[in-house]
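What follows is a short report on a single structure.
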Amino acid sequence: MNILHASSEVFPYSKTGGLADATAALAKAQAAAGHTVTLITPLYRGIAAAFPGLEPLGQAELPAKVWRLEPEPNLTVLFIDEPEWFDRDGLYGHGDDAERFIFFSRCVARLAKRAEIVHTHDWQTALAMPLLGQARVGKVFTLHNAAYQGRFPADKFALTGLPSDCFDWLQLEFHGDLNLLKGGIVFSDLATTVSPRYAEELLTPEYGCGLEGVFQAKGKALTGVLNGVDYAEWNTTDNPHLAAAYSADAPSGKAANKRELQRELGLPPLDDTPLLGNISRFAEQKGIDLLLGALEERLGGGAAFQFAGLGSGDAGLEEAMRALAVRFPEQVAVTIGYDNGLAHRIEAGIDFFVMPSRFEPCGLNQLYSLRYGTVPVVRATGGLEDSIIDLGQGDGTANGIKFGDCSVGALGQALGQALSLYAEPARLAKVRDNGMRADFSWSQTTAEYGRLYAAIS
Ligand code: ADP
Ligand code: GLC
């Protein structure tokens, strides 16, 4: 099939979160499966310098320059080069994101007409769905997070170039505003999200972010497909970021990664002390406030463990994380910022990855943790619910620890379970082994998308 994806972030060119990993890996896996795949993304500042192989695309007929790169056989990445919108630091939040991503989506729609399947991701590219109108292409829209909707004042609708009758409550209008995500859902032939559990949750007021009625109206044309992992990037056997290689068959190298991480972060090199960690955007979604509360409670009570944190976002949470590290310098190391290499080293060096998300459409870090022999401690929601098997399962299949309530108390209890598990090396080894042997490769996900595409084309 001739498949065209569009995403506002694509690893390794740009990334703020899992969207970049998921779209890059899906496109790559589909290309490897023999499809002809094009992936369109903005040319942000710095990409051209970092990837000197970019070539100009001749016949684009667009109001912007387009550059192309062929990183894999069957896969072409197209970069939309409009300096006014994209040549600046950072990806989002400049106050003119409506202008920037409406422009980007219009370019995508112009480039999309020859594809059989046009598959766009999140609000930034959702507008391509209504813009393609009656074009003879299969229109697939994946929402990776319903909390980010691309909601803007009604006067921005004029920028879309759509007929004014599209601005009504059944289409792009939402409480008087323009809602791009809603347009993507309504106008797609098939809407997907990134886990089966989140697809169900979206139908409820608790998780639907006001769009639950829109999700309900989509019926069977809204479905959940769990993301996979690009094991060429996220592996422990051939990874330039890691101090030592290890695997399910030869797990001992994990200890060297732990020691090296402790050294790098300035934590005492204690082999027998559990090392917990977290890597994330500091946003309401991720439950960083719960994490802070539970860590403080446990550490204040004298529990013997270490914690390595990496993240950035909400200024108050950044400050609270820093303060925790100042209060417990022997036990807590926090890095505020974005660092891909350190993310790999933390995944490899820690014993438990703590992910107390309020909601989590898929979540990639728990999947990366499994492969890195790091036991995920997660709240039972979305993709975390779908991918983690709790200790309480009792049939020898557990790969992590799950808790239900969104509270400091429930997370604290789960941390207690983690510390007890650590004190039983044989049990811990089994849980780790289950995780490392689990297979979340993209081939399954790609096959599932293939079936879904076939049904609409
Ligand atoms: P989300 O997309 O909601 O942020 P995911 O778990 O799907 O959550 O993906 C997060 C991705 O972003 C992971 O690859 C994670 O390692 C990465 N990441 C998040 N914060 C940072 C950071 N501060 N430094 C490096 N990588 C980060
Ligand atoms: C979003 C979600 C996350 C998901 C990622 C990739 O950012 O918050 O749960 O893993 O997209 O699909």
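Please note that chains go A, B, ... in the order of the structure tokens, that every chain numbers its residues from 1, and that ligands are numbered from 1 in the order shown.
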DSSP says strand (DSSP E) for which residues of range 114-229 of chain A? Put them as an MDAnalysis selection string? chainID A and resid 117:121 138:143 151:152 173:174 177:179 190:193 222:224
With N, CA, C and O atoms kept, could you save the residues just selected as a short mmCIF file (atom, residue, chain, number, x, y, z; two decimals), in the first residue's frame?
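Contents of the output file result-v9.cif:
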data_model
loop_
_atom_site.label_atom_id
_atom_site.label_comp_id
_atom_site.auth_asym_id
_atom_site.auth_seq_id
_atom_site.Cartn_x
_atom_site.Cartn_y
_atom_site.Cartn_z
N ILE A 117 -3.70 5.47 1.67
CA ILE A 117 -4.09 5.71 3.06
C ILE A 117 -3.39 6.97 3.54
O ILE A 117 -2.17 7.11 3.42
N VAL A 118 -4.16 7.89 4.09
CA VAL A 118 -3.57 9.05 4.74
C VAL A 118 -3.84 8.91 6.24
O VAL A 118 -4.98 8.81 6.67
N HIS A 119 -2.77 8.84 6.99
CA HIS A 119 -2.88 8.54 8.42
C HIS A 119 -2.22 9.68 9.19
O HIS A 119 -0.99 9.83 9.16
N THR A 120 -3.02 10.49 9.85
CA THR A 120 -2.44 11.63 10.58
C THR A 120 -2.61 11.43 12.08
O THR A 120 -3.42 10.62 12.54
N HIS A 121 -1.81 12.19 12.84
CA HIS A 121 -1.66 11.92 14.28
C HIS A 121 -1.82 13.19 15.10
O HIS A 121 -1.13 14.18 14.86
N GLY A 138 -8.16 6.50 1.89
CA GLY A 138 -8.63 6.05 3.20
C GLY A 138 -8.08 7.00 4.25
O GLY A 138 -6.88 7.23 4.31
N LYS A 139 -8.96 7.56 5.05
CA LYS A 139 -8.52 8.58 6.02
C LYS A 139 -8.50 8.00 7.43
O LYS A 139 -9.54 7.64 7.99
N VAL A 140 -7.30 7.91 7.99
CA VAL A 140 -7.14 7.34 9.33
C VAL A 140 -6.57 8.41 10.24
O VAL A 140 -5.60 9.09 9.89
N PHE A 141 -7.17 8.55 11.40
CA PHE A 141 -6.68 9.52 12.36
C PHE A 141 -6.42 8.84 13.69
O PHE A 141 -7.28 8.16 14.23
N THR A 142 -5.20 9.00 14.20
CA THR A 142 -4.87 8.43 15.51
C THR A 142 -4.73 9.53 16.53
O THR A 142 -3.98 10.49 16.32
N LEU A 143 -5.49 9.38 17.63
CA LEU A 143 -5.29 10.35 18.71
C LEU A 143 -4.45 9.69 19.78
O LEU A 143 -4.75 8.61 20.26
N ARG A 151 -7.57 23.46 20.55
CA ARG A 151 -8.79 24.26 20.67
C ARG A 151 -8.41 25.73 20.61
O ARG A 151 -7.57 26.19 21.39
N PHE A 152 -9.02 26.45 19.67
CA PHE A 152 -8.64 27.85 19.43
C PHE A 152 -9.89 28.71 19.25
O PHE A 152 -10.95 28.18 18.91
N GLU A 173 -16.78 22.66 15.41
CA GLU A 173 -17.05 23.62 16.48
C GLU A 173 -17.21 22.88 17.81
O GLU A 173 -17.76 21.77 17.85
N PHE A 174 -16.72 23.51 18.89
CA PHE A 174 -16.82 22.90 20.22
C PHE A 174 -16.98 24.02 21.23
O PHE A 174 -16.05 24.82 21.43
N ASP A 177 -15.77 27.33 20.11
CA ASP A 177 -14.37 27.40 19.64
C ASP A 177 -14.15 26.46 18.45
O ASP A 177 -14.97 25.59 18.16
N LEU A 178 -12.99 26.64 17.82
CA LEU A 178 -12.52 25.68 16.82
C LEU A 178 -11.81 24.55 17.57
O LEU A 178 -10.98 24.80 18.44
N ASN A 179 -12.16 23.29 17.26
CA ASN A 179 -11.50 22.15 17.91
C ASN A 179 -10.98 21.22 16.81
O ASN A 179 -11.74 20.50 16.15
N LEU A 190 -11.65 6.15 9.82
CA LEU A 190 -11.34 5.30 10.97
C LEU A 190 -10.53 6.13 11.95
O LEU A 190 -9.55 6.77 11.57
N ALA A 191 -10.98 6.13 13.20
CA ALA A 191 -10.21 6.80 14.24
C ALA A 191 -9.62 5.73 15.15
O ALA A 191 -10.31 4.77 15.50
N THR A 192 -8.36 5.89 15.48
CA THR A 192 -7.77 4.94 16.41
C THR A 192 -7.12 5.69 17.56
O THR A 192 -6.83 6.88 17.46
N THR A 193 -6.92 4.98 18.66
CA THR A 193 -6.06 5.50 19.70
C THR A 193 -5.08 4.40 20.05
O THR A 193 -5.08 3.33 19.42
N LEU A 222 -14.07 3.76 16.00
CA LEU A 222 -13.01 4.18 16.93
C LEU A 222 -12.48 2.93 17.62
O LEU A 222 -13.23 2.20 18.25
N THR A 223 -11.20 2.69 17.46
CA THR A 223 -10.66 1.46 18.01
C THR A 223 -9.27 1.71 18.61
O THR A 223 -8.63 2.72 18.31
N GLY A 224 -8.83 0.80 19.47
CA GLY A 224 -7.53 0.99 20.13
C GLY A 224 -6.51 -0.04 19.67
O GLY A 224 -6.80 -1.23 19.65
#
Could you find all residues in range 265-365 of chain A that DSSP calls helix (DSSP H, G or I) from the backbone, and write them as a VMD selection string? chain A and resid 265 284 to 286 288 to 300 315 to 327 340 to 349 365
Shortest contact to ligand 1, candidates A:Leu162, A:Leu411, A:Leu54, A:Ile346, atoms counted only C-alpha atoms and all ligand atoms, goes to A:Ile346
Mind checking which residues fall within 12 Å of Leu367 in chain A, counting only C-alpha atoms, ignoring those fewer than 3 positions away in the same chain, and posting them as a ChimeraX atom specification? /A:18,226-231,234-235,347,353,355,362-364,370-378,383-389,399-400,435-442
Mind running chain A against ligand 1 at 9 Å and telling me each contacting residue's nearest atom pair with the distance in Å (one decimal), counting only C-alpha atoms and all ligand atoms, chain and number ascending, as CSV?
residue,atom,partner,partner_atom_place_in_ligand_line,distance
A:Lys15,CA,ligand 1,12 (O),7.4
A:Thr16,CA,ligand 1,12 (O),6.2
A:Gly17,CA,ligand 1,12 (O),3.7
A:Gly18,CA,ligand 1,9 (O),3.2
A:Leu19,CA,ligand 1,2 (O),5.4
A:Ala20,CA,ligand 1,2 (O),7.9
A:Asp21,CA,ligand 1,14 (O),6.5
A:Ala22,CA,ligand 1,7 (O),7.8
A:His144,CA,ligand 1,2 (O),7.8
A:Asn145,CA,ligand 1,3 (O),7.5
A:Asn227,CA,ligand 1,7 (O),9.0
A:Asn278,CA,ligand 1,20 (N),8.9
A:Ile279,CA,ligand 1,20 (N),5.2
A:Ser280,CA,ligand 1,20 (N),3.7
A:Arg281,CA,ligand 1,20 (N),4.8
A:Phe282,CA,ligand 1,20 (N),8.0
A:Ala283,CA,ligand 1,4 (O),8.8
A:Gln285,CA,ligand 1,3 (O),7.8
A:Lys286,CA,ligand 1,3 (O),7.6
A:Gly309,CA,ligand 1,23 (N),8.8
A:Leu310,CA,ligand 1,23 (N),5.1
A:Gly311,CA,ligand 1,23 (N),3.5
A:Ser312,CA,ligand 1,23 (N),5.5
A:Gly313,CA,ligand 1,23 (N),8.6
A:Thr335,CA,ligand 1,23 (N),8.1
A:Ile336,CA,ligand 1,23 (N),7.0
A:Gly337,CA,ligand 1,23 (N),5.1
A:Tyr338,CA,ligand 1,24 (N),3.4
A:Asp339,CA,ligand 1,24 (N),4.1
A:Asn340,CA,ligand 1,25 (C),4.2
A:Gly341,CA,ligand 1,25 (C),7.4
A:Leu342,CA,ligand 1,25 (C),6.9
A:Ala343,CA,ligand 1,25 (C),5.0
A:His344,CA,ligand 1,16 (O),7.3
A:Glu347,CA,ligand 1,16 (O),8.4
A:Met355,CA,ligand 1,6 (O),8.9
A:Glu360,CA,ligand 1,3 (O),6.9
A:Pro361,CA,ligand 1,3 (O),7.6
A:Cys362,CA,ligand 1,7 (O),6.1
A:Gly363,CA,ligand 1,6 (O),3.7
A:Leu364,CA,ligand 1,6 (O),3.8
A:Asn365,CA,ligand 1,6 (O),4.5
A:Gln366,CA,ligand 1,6 (O),7.1
A:Leu367,CA,ligand 1,6 (O),8.5
A:Tyr368,CA,ligand 1,14 (O),8.1
Those same residues - C-alpha atoms - I'd like them written as a PDB file, in the first residue's frame.
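Saved file part_21.pdb follows:
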ATOM      1  CA  LYS A  15      10.682  14.923  19.979  1.00  0.00           C
ATOM      2  CA  THR A  16       8.880  16.075  23.099  1.00  0.00           C
ATOM      3  CA  GLY A  17       7.269  12.736  23.961  1.00  0.00           C
ATOM      4  CA  GLY A  18       6.074   9.345  22.810  1.00  0.00           C
ATOM      5  CA  LEU A  19       4.332  10.689  19.689  1.00  0.00           C
ATOM      6  CA  ALA A  20       7.769  11.098  18.081  1.00  0.00           C
ATOM      7  CA  ASP A  21       8.784   7.527  18.862  1.00  0.00           C
ATOM      8  CA  ALA A  22       5.444   6.028  17.897  1.00  0.00           C
ATOM      9  CA  HIS A 144      -2.389   9.852  21.069  1.00  0.00           C
ATOM     10  CA  ASN A 145      -3.794  12.055  23.803  1.00  0.00           C
ATOM     11  CA  ASN A 227       1.854   0.908  20.218  1.00  0.00           C
ATOM     12  CA  ASN A 278      11.037   8.159  36.411  1.00  0.00           C
ATOM     13  CA  ILE A 279      11.481   9.933  33.079  1.00  0.00           C
ATOM     14  CA  SER A 280       8.676  12.141  31.899  1.00  0.00           C
ATOM     15  CA  ARG A 281       7.067  15.355  30.867  1.00  0.00           C
ATOM     16  CA  PHE A 282       6.097  17.091  34.102  1.00  0.00           C
ATOM     17  CA  ALA A 283       2.409  17.438  33.316  1.00  0.00           C
ATOM     18  CA  GLN A 285      -1.258  13.571  33.254  1.00  0.00           C
ATOM     19  CA  LYS A 286       1.888  11.954  34.632  1.00  0.00           C
ATOM     20  CA  GLY A 309      14.408  11.438  38.055  1.00  0.00           C
ATOM     21  CA  LEU A 310      14.638  13.067  34.625  1.00  0.00           C
ATOM     22  CA  GLY A 311      12.076  15.460  33.229  1.00  0.00           C
ATOM     23  CA  SER A 312      10.863  18.962  32.633  1.00  0.00           C
ATOM     24  CA  GLY A 313       7.655  20.889  32.213  1.00  0.00           C
ATOM     25  CA  THR A 335      17.971  16.078  36.315  1.00  0.00           C
ATOM     26  CA  ILE A 336      15.723  18.816  34.973  1.00  0.00           C
ATOM     27  CA  GLY A 337      15.827  18.916  31.185  1.00  0.00           C
ATOM     28  CA  TYR A 338      15.604  16.651  28.177  1.00  0.00           C
ATOM     29  CA  ASP A 339      18.364  14.085  27.548  1.00  0.00           C
ATOM     30  CA  ASN A 340      17.811  11.024  25.355  1.00  0.00           C
ATOM     31  CA  GLY A 341      21.085   9.305  26.293  1.00  0.00           C
ATOM     32  CA  LEU A 342      20.402   9.726  30.002  1.00  0.00           C
ATOM     33  CA  ALA A 343      16.876   8.355  29.448  1.00  0.00           C
ATOM     34  CA  HIS A 344      18.448   5.119  28.147  1.00  0.00           C
ATOM     35  CA  GLU A 347      16.072   2.796  32.055  1.00  0.00           C
ATOM     36  CA  MET A 355       4.604   5.678  36.397  1.00  0.00           C
ATOM     37  CA  GLU A 360      -1.971   7.101  29.860  1.00  0.00           C
ATOM     38  CA  PRO A 361      -3.147   6.520  26.293  1.00  0.00           C
ATOM     39  CA  CYS A 362      -0.343   4.000  25.712  1.00  0.00           C
ATOM     40  CA  GLY A 363       2.835   4.883  27.535  1.00  0.00           C
ATOM     41  CA  LEU A 364       6.152   3.803  26.114  1.00  0.00           C
ATOM     42  CA  ASN A 365       8.401   3.962  29.138  1.00  0.00           C
ATOM     43  CA  GLN A 366       6.781   0.949  30.780  1.00  0.00           C
ATOM     44  CA  LEU A 367       7.406  -1.019  27.560  1.00  0.00           C
ATOM     45  CA  TYR A 368      11.019   0.178  27.383  1.00  0.00           C
TER      46      TYR A 368
END
Please provide the set of residues having any atom within 12 Å of His5 in chain A, restricted to only C-alpha atoms, with same-chain residues fewer than 5 positions apart removed, written as a PyMOL selection string. chain A and resi 10+22-28+30-31+36-41+75-78+105+108-109+111-112+115-122+125-126+128-129+138-142
When distances are computed from only C-alpha atoms, which of A:Ala244, A:Leu43, A:Met321, A:Leu421 shows the smallest separation from Glu84 in chain A? A:Leu43
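Across A:Gly382, A:Gly404, A:Pro268, A:Gly412, the tightest approach to ligand 2 is made by A:Gly382 when counting only C-alpha atoms and all ligand atoms.
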Selection near Phe86 in chain A, 8 Å with only C-alpha atoms, sequence-local residues under 3 positions removed, as an MDAnalysis selection string: chainID A and resid 42:45 81:83 91 100
Contact residues around Arg298 in chain A with only C-alpha atoms at 12 Å, ignoring same-chain residues under 2 positions, as a list in words: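 These residues fall inside the cut-off: Leu291, Leu292, Gly293, Ala294, Leu295, Glu296, Gly300, Gly301, Gly302, Ala303, Ala304, Phe305, Gln306, Phe307, Phe328, Gln331, Val408, Gly409, Leu411, Gly412, Gln413, Ala414, Leu415, Gly416 and Leu419 of chain A.
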d(atom 7 (O, counted along the ligand's line) of ligand 2, CA of Ser369 in chain A) in Å: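 Taking atom 7 (O, counted along the ligand's line) of ligand 2 as the start and CA of Ser369 in chain A as the end point, the length is 16.8 Å.
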Would you please work out which residue, of A:Asn74, A:Asn2, A:Ser7, A:Ser252, is nearest to ligand 2 when using only C-alpha atoms and all ligand atoms?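 Ranked by minimum distance to ligand 2, first place goes to A:Ser7.
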Nearest to ligand 2 among A:Ser420, A:Thr381, A:Thr160, A:Asn257, with distances taken over only C-alpha atoms and all ligand atoms: which residue is it?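 Checking each of A:Ser420, A:Thr381, A:Thr160, A:Asn257 against ligand 2, counting only C-alpha atoms and all ligand atoms, the winner is A:Thr381.
One distance worth recording is that between CA of Ala255 in chain A and CA of Leu324 in chain A, which is 25.6 Å.
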Using only C-alpha atoms and all ligand atoms, pick whichever of A:Leu211, A:Glu318, A:Ala147, A:Ala199 has the shortest atom-to-atom distance to ligand 2.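 Of the candidates, the smallest distance to ligand 2 is held by A:Ala147.
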